[in-house]
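Dropping start22.cif in here (mmCIF, C-alpha atoms):
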data_work
loop_
_atom_site.label_atom_id
_atom_site.label_comp_id
_atom_site.auth_asym_id
_atom_site.auth_seq_id
_atom_site.Cartn_x
_atom_site.Cartn_y
_atom_site.Cartn_z
CA MET A 13 10.08 25.31 109.73
CA GLY A 14 13.68 25.41 109.52
CA THR A 15 16.05 26.04 112.27
CA ARG A 16 18.33 28.91 112.08
CA ARG A 17 21.95 28.11 112.47
CA THR A 18 24.34 30.53 114.00
CA SER A 19 27.93 30.50 113.17
CA THR A 20 30.32 29.77 115.95
CA THR A 21 33.43 30.74 114.02
CA LYS A 22 35.44 33.74 115.14
CA PRO A 23 35.94 36.66 112.81
CA THR A 24 39.18 36.48 110.80
CA THR A 25 40.36 40.01 111.51
CA LYS A 26 41.69 40.99 114.86
CA PRO A 27 40.69 44.28 116.34
CA ALA A 28 43.45 46.91 116.16
CA ARG A 29 45.43 47.36 119.34
CA LYS A 30 46.15 50.80 120.61
CA PRO A 31 49.87 51.45 121.01
CA ALA A 32 50.99 51.54 124.55
CA THR A 33 51.97 54.99 125.69
CA LYS A 34 54.86 55.51 128.00
CA PRO A 35 54.15 57.50 131.08
CA LYS A 36 55.78 60.94 131.06
CA PRO A 37 58.54 61.39 133.60
CA ALA A 38 57.74 63.67 136.42
CA THR A 39 59.24 67.12 135.95
CA LYS A 40 61.21 68.69 138.70
CA PRO A 41 59.87 71.97 139.90
CA LYS A 42 62.05 74.95 139.01
CA PRO A 43 63.79 76.52 141.96
CA ALA A 44 62.67 79.96 142.88
CA THR A 45 64.86 82.64 141.31
CA LYS A 46 66.80 84.85 143.62
CA PRO A 47 66.47 88.56 143.11
CA LYS A 48 69.54 90.18 141.55
CA PRO A 49 71.61 92.22 143.96
CA ALA A 50 71.63 95.93 143.41
CA THR A 51 74.66 97.06 141.44
CA LYS A 52 77.15 99.24 143.16
CA PRO A 53 77.87 102.57 141.53
CA LYS A 54 81.23 102.64 139.76
CA PRO A 55 83.78 105.00 141.20
CA ALA A 56 84.64 107.98 139.05
CA THR A 57 87.65 107.30 136.88
CA LYS A 58 90.46 109.72 136.48
CA PRO A 59 90.81 111.07 132.97
CA LYS A 60 93.68 109.48 131.07
CA PRO A 61 96.44 111.77 129.93
CA ALA A 62 96.25 112.73 126.27
CA THR A 63 98.28 110.38 124.12
CA LYS A 64 99.44 110.77 120.58
CA PRO A 65 97.15 108.73 118.31
CA LYS A 66 98.75 105.78 116.61
CA PRO A 67 98.96 106.15 112.86
CA SER A 68 96.34 104.20 110.96
CA PRO A 69 97.55 101.57 108.49
CA LYS A 70 96.99 104.11 105.72
CA GLN A 71 99.31 106.56 107.49
CA ALA A 72 101.98 104.01 108.30
CA ALA A 73 105.23 104.25 106.37
CA LEU A 74 105.53 102.19 103.22
CA LYS A 75 107.32 98.93 103.82
CA THR A 76 108.27 98.47 100.17
CA ARG A 77 111.23 100.68 99.38
CA ALA A 78 113.88 100.84 96.69
CA THR A 79 116.81 98.55 97.44
CA ALA A 80 120.30 98.00 96.05
CA ALA A 81 119.50 94.39 95.06
CA SER A 82 120.36 93.34 91.50
CA VAL A 83 117.52 93.34 88.97
CA ASP A 84 119.47 90.95 86.70
CA ALA A 85 119.96 88.46 89.55
CA PHE A 86 116.25 88.67 90.41
CA LEU A 87 115.22 88.03 86.79
CA ALA A 88 117.68 85.13 86.52
CA ARG A 89 115.93 83.38 89.42
CA GLN A 90 112.58 83.24 87.58
CA ALA A 91 111.33 80.06 85.85
CA PRO A 92 112.42 79.97 82.17
CA ALA A 93 109.04 80.87 80.60
CA ARG A 94 108.40 83.61 83.16
CA ARG A 95 112.00 84.85 82.83
CA ALA A 96 111.54 85.48 79.09
CA ASP A 97 108.46 87.62 79.79
CA CYS A 98 110.31 89.50 82.56
CA VAL A 99 113.28 90.26 80.32
CA ALA A 100 110.91 91.55 77.61
CA LEU A 101 109.08 93.74 80.16
CA ASP A 102 112.39 95.05 81.50
CA ALA A 103 113.39 96.10 77.96
CA LEU A 104 110.00 97.75 77.34
CA PHE A 105 110.05 99.70 80.62
CA ARG A 106 113.68 100.82 80.14
CA ARG A 107 112.89 102.05 76.63
CA VAL A 108 109.71 103.91 77.62
CA THR A 109 111.00 105.45 80.88
CA GLY A 110 114.63 106.00 79.93
CA GLU A 111 115.43 104.73 83.45
CA PRO A 112 117.23 101.59 84.62
CA GLY A 113 115.23 99.07 86.61
CA ARG A 114 115.60 99.04 90.36
CA MET A 115 114.36 96.51 92.92
CA TRP A 116 111.57 97.73 95.19
CA GLY A 117 111.30 95.30 98.06
CA ALA A 118 112.10 91.69 97.23
CA SER A 119 109.94 91.16 94.14
CA ILE A 120 109.08 94.39 92.29
CA VAL A 121 111.17 95.87 89.49
CA GLY A 122 110.47 99.60 89.36
CA TYR A 123 111.44 102.39 86.97
CA GLY A 124 111.79 106.04 87.93
CA ARG A 125 110.34 107.51 91.09
CA TYR A 126 108.08 110.29 92.20
CA ALA A 127 107.24 112.00 95.48
CA TYR A 128 103.60 112.26 96.50
CA THR A 129 101.62 113.91 99.28
CA TYR A 130 98.00 112.99 99.90
CA PRO A 131 95.38 115.41 101.31
CA SER A 132 95.64 113.44 104.58
CA GLY A 133 99.24 114.61 104.90
CA ARG A 134 100.75 111.22 104.19
CA SER A 135 103.70 111.49 101.86
CA GLY A 136 106.24 109.17 100.39
CA GLU A 137 108.18 108.11 97.35
CA TRP A 138 107.23 105.40 94.88
CA MET A 139 108.22 104.05 91.49
CA ARG A 140 106.61 105.63 88.42
CA THR A 141 105.97 102.24 86.82
CA GLY A 142 107.18 98.67 87.07
CA PHE A 143 106.26 94.99 87.23
CA SER A 144 106.41 91.96 89.45
CA PRO A 145 106.30 88.27 88.48
CA ARG A 146 103.74 86.77 90.87
CA ALA A 147 102.73 83.13 91.21
CA GLN A 148 99.43 83.53 89.32
CA ASN A 149 100.33 86.29 86.85
CA LEU A 150 102.56 89.19 85.95
CA THR A 151 101.54 92.35 87.77
CA LEU A 152 102.31 95.61 85.96
CA TYR A 153 102.15 98.81 87.98
CA LEU A 154 100.64 101.69 86.00
CA MET A 155 100.38 104.20 88.79
CA ASP A 156 98.05 106.68 87.06
CA GLY A 157 95.33 104.02 86.78
CA PHE A 158 93.10 103.26 83.81
CA ALA A 159 90.47 105.99 83.70
CA GLY A 160 89.93 107.10 80.10
CA ARG A 161 91.95 104.18 78.74
CA GLU A 162 89.14 101.67 78.23
CA GLY A 163 89.69 101.62 74.45
CA LEU A 164 93.33 100.63 74.87
CA LEU A 165 92.40 97.97 77.41
CA ARG A 166 89.87 96.41 74.99
CA ARG A 167 92.61 96.08 72.36
CA LEU A 168 95.28 94.81 74.77
CA GLY A 169 94.34 91.13 75.10
CA PRO A 170 93.43 88.98 78.13
CA HIS A 171 94.02 90.88 81.36
CA GLY A 172 92.57 92.00 84.67
CA THR A 173 92.88 95.34 86.43
CA GLY A 174 93.03 96.74 89.92
CA ARG A 175 93.23 100.39 90.90
CA SER A 176 96.67 100.83 89.36
CA CYS A 177 97.65 97.22 88.58
CA LEU A 178 97.38 95.37 85.31
CA TYR A 179 97.34 91.57 85.64
CA VAL A 180 98.39 89.40 82.68
CA LYS A 181 99.27 85.72 82.34
CA ARG A 182 101.68 85.81 79.39
CA LEU A 183 103.04 88.49 77.10
CA ASP A 184 102.51 86.43 73.95
CA GLU A 185 98.73 86.88 74.45
CA LEU A 186 99.01 90.70 74.41
CA ASP A 187 99.41 93.43 71.82
CA LEU A 188 102.75 94.83 73.05
CA GLY A 189 102.25 98.06 71.10
CA VAL A 190 99.05 98.70 73.08
CA LEU A 191 100.84 97.79 76.31
CA GLU A 192 103.52 100.38 75.53
CA GLN A 193 100.80 103.00 74.89
CA LEU A 194 99.26 102.20 78.30
CA VAL A 195 102.63 102.59 80.05
CA ARG A 196 103.29 105.92 78.27
CA ALA A 197 99.79 107.20 79.11
CA SER A 198 100.28 106.32 82.78
CA LEU A 199 103.65 108.10 82.89
CA ASP A 200 102.15 111.19 81.22
CA GLY A 201 99.34 111.23 83.78
CA LEU A 202 101.82 111.03 86.66
CA ARG A 203 103.90 113.89 85.21
CA ARG A 204 100.79 116.08 85.03
CA ARG A 205 99.87 115.31 88.65
CA TYR A 206 103.25 115.11 90.39
CA GLY A 207 105.75 116.70 87.98
#

Take the structure I supplied and represent it as structure tokens, if you would.
Amino acid sequence: MGTRRTSTTKPTTKPARKPATKPKPATKPKPATKPKPATKPKPATKPKPATKPKPSPKQAALKTRATAASVDAFLARQAPARRADCVALDALFRRVTGEPGRMWGASIVGYGRYAYTYPSGRSGEWMRTGFSPRAQNLTLYLMDGFAGREGLLRRLGPHGTGRSCLYVKRLDELDLGVLEQLVRASLDGLRRRYG
């Protein structure tokens, strides 16, 4: 019979070691919370005397008013390309309104004026129409707004609108005949509302 041999070699794989865990630090016990003191009653306050309410920003007086500054001098200060558009707008507004341009504030050329009174009681005076050369575009003020004039706006050329402002980049992109119709329509609307 044969003898059985046993292997004395060690296995080639090592048993996996468990990662050592760090002991958790001891937590400090939370201090006992103190009860909140009872609040003292507030003494009665004396009523304040009635004061006149401050006007809201909507009721405040307009800061932009007609001035005696020269329209021609203002237009002459514009960059050459913008100046040409401003001179053309000035001619259009003079022709349509029959009024000379007048500076309103430091940067608006306005034509004509009208007095208004809102239901809130706020009243004032403002130009009937006008324009202002802004950094990004030319702003035209058509004070009657654009309701019912969507067809004209579609034919005008590239533009944007606000409540009563028409924003354009350059006049050579617009149909100036349509622009004149928009200005006339706005003036007619103002006459119907304010005389």

Exercise. Restricting the calculation to all atoms listed in the file, which member of A:Met115, A:Met139, A:Leu191, A:Ala147 is positioned closest to Gln90 of chain A?
Worked result: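 Checking each candidate against Gln90 of chain A, we get A:Ala147 as the closest.
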
Exercise. For the point (103.2, 86.6, 72.9) in file coordinates, what residues are within 12 Å, counting all atoms listed in the file? Give the answer as number ranges by chain?
Worked result: A: 93-94, 96-97, 100-101, 168-170, 180-189, 191

Exercise. Quick one: of A:Ala88, A:Leu154, A:Ala80, A:Ala197, who's nearest to Gly113 of chain A, counting all atoms listed in the file?
Worked result: A:Ala80

For this session: Taking the file above as input, evaluate the PyMOL selection byres ((chain A and resi 196) around 12) and report the hits as JSON, numbers by chain.
Result: {"A": [104, 105, 106, 107, 108, 109, 110, 140, 141, 154, 155, 156, 157, 158, 161, 164, 189, 190, 191, 192, 193, 194, 195, 197, 198, 199, 200, 201, 202, 203]}

Problem set entry | Distance criterion (only C-alpha atoms): nearest to Arg205 of chain A out of A:Tyr153, A:Tyr123, A:Phe86, A:Tyr128 |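 Among the listed residues, A:Tyr128 lies closest to Arg205 of chain A.
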
Exercise. Interatomic distance between atom CA of Arg175 of chain A and atom CA of Trp138 of chain A?
Worked result: 15.4 Å

Problem set entry | Between atom CA of Leu152 of chain A and atom CA of Arg204 of chain A - distance in Å to one decimal | 20.5 Å

Please determine the residues with any atom at most 7 Å from (109.4, 84.6, 89.0) (coordinates as given in the file, with only C-alpha atoms counting) and report them as a PDB file with C-alpha atoms, keeping the file's coordinate frame.
ATOM      1  CA  ARG A  89     115.930  83.380  89.420  1.00  0.00           C
ATOM      2  CA  GLN A  90     112.580  83.240  87.580  1.00  0.00           C
ATOM      3  CA  ALA A  91     111.330  80.060  85.850  1.00  0.00           C
ATOM      4  CA  ARG A  94     108.400  83.610  83.160  1.00  0.00           C
ATOM      5  CA  ARG A  95     112.000  84.850  82.830  1.00  0.00           C
ATOM      6  CA  PRO A 145     106.300  88.270  88.480  1.00  0.00           C
ATOM      7  CA  ARG A 146     103.740  86.770  90.870  1.00  0.00           C
TER       8      ARG A 146
END

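Note that the spacing between atom CA of Gly117 of chain A and atom CA of Lys75 of chain A amounts to 7.9 Å.
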
Problem set entry | Proximity to Val121 of chain A - best of A:Cys177, A:Leu165, A:Ala159, A:Val83, all atoms listed in the file |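 Comparing A:Cys177, A:Leu165, A:Ala159, A:Val83 against Val121 of chain A, the winner is A:Val83.
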
Exercise. Which one is closest to Arg114 of chain A: A:Arg166, A:His171, A:Arg77, A:Arg134? Count all atoms listed in the file.
Worked result: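 Checking each candidate against Arg114 of chain A, we get A:Arg77 as the closest.
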
Problem set entry | Residue nearest Glu137 of chain A among A:Thr151, A:Trp116, A:Gly163, A:Asp102 (counting all atoms listed in the file) | A:Trp116
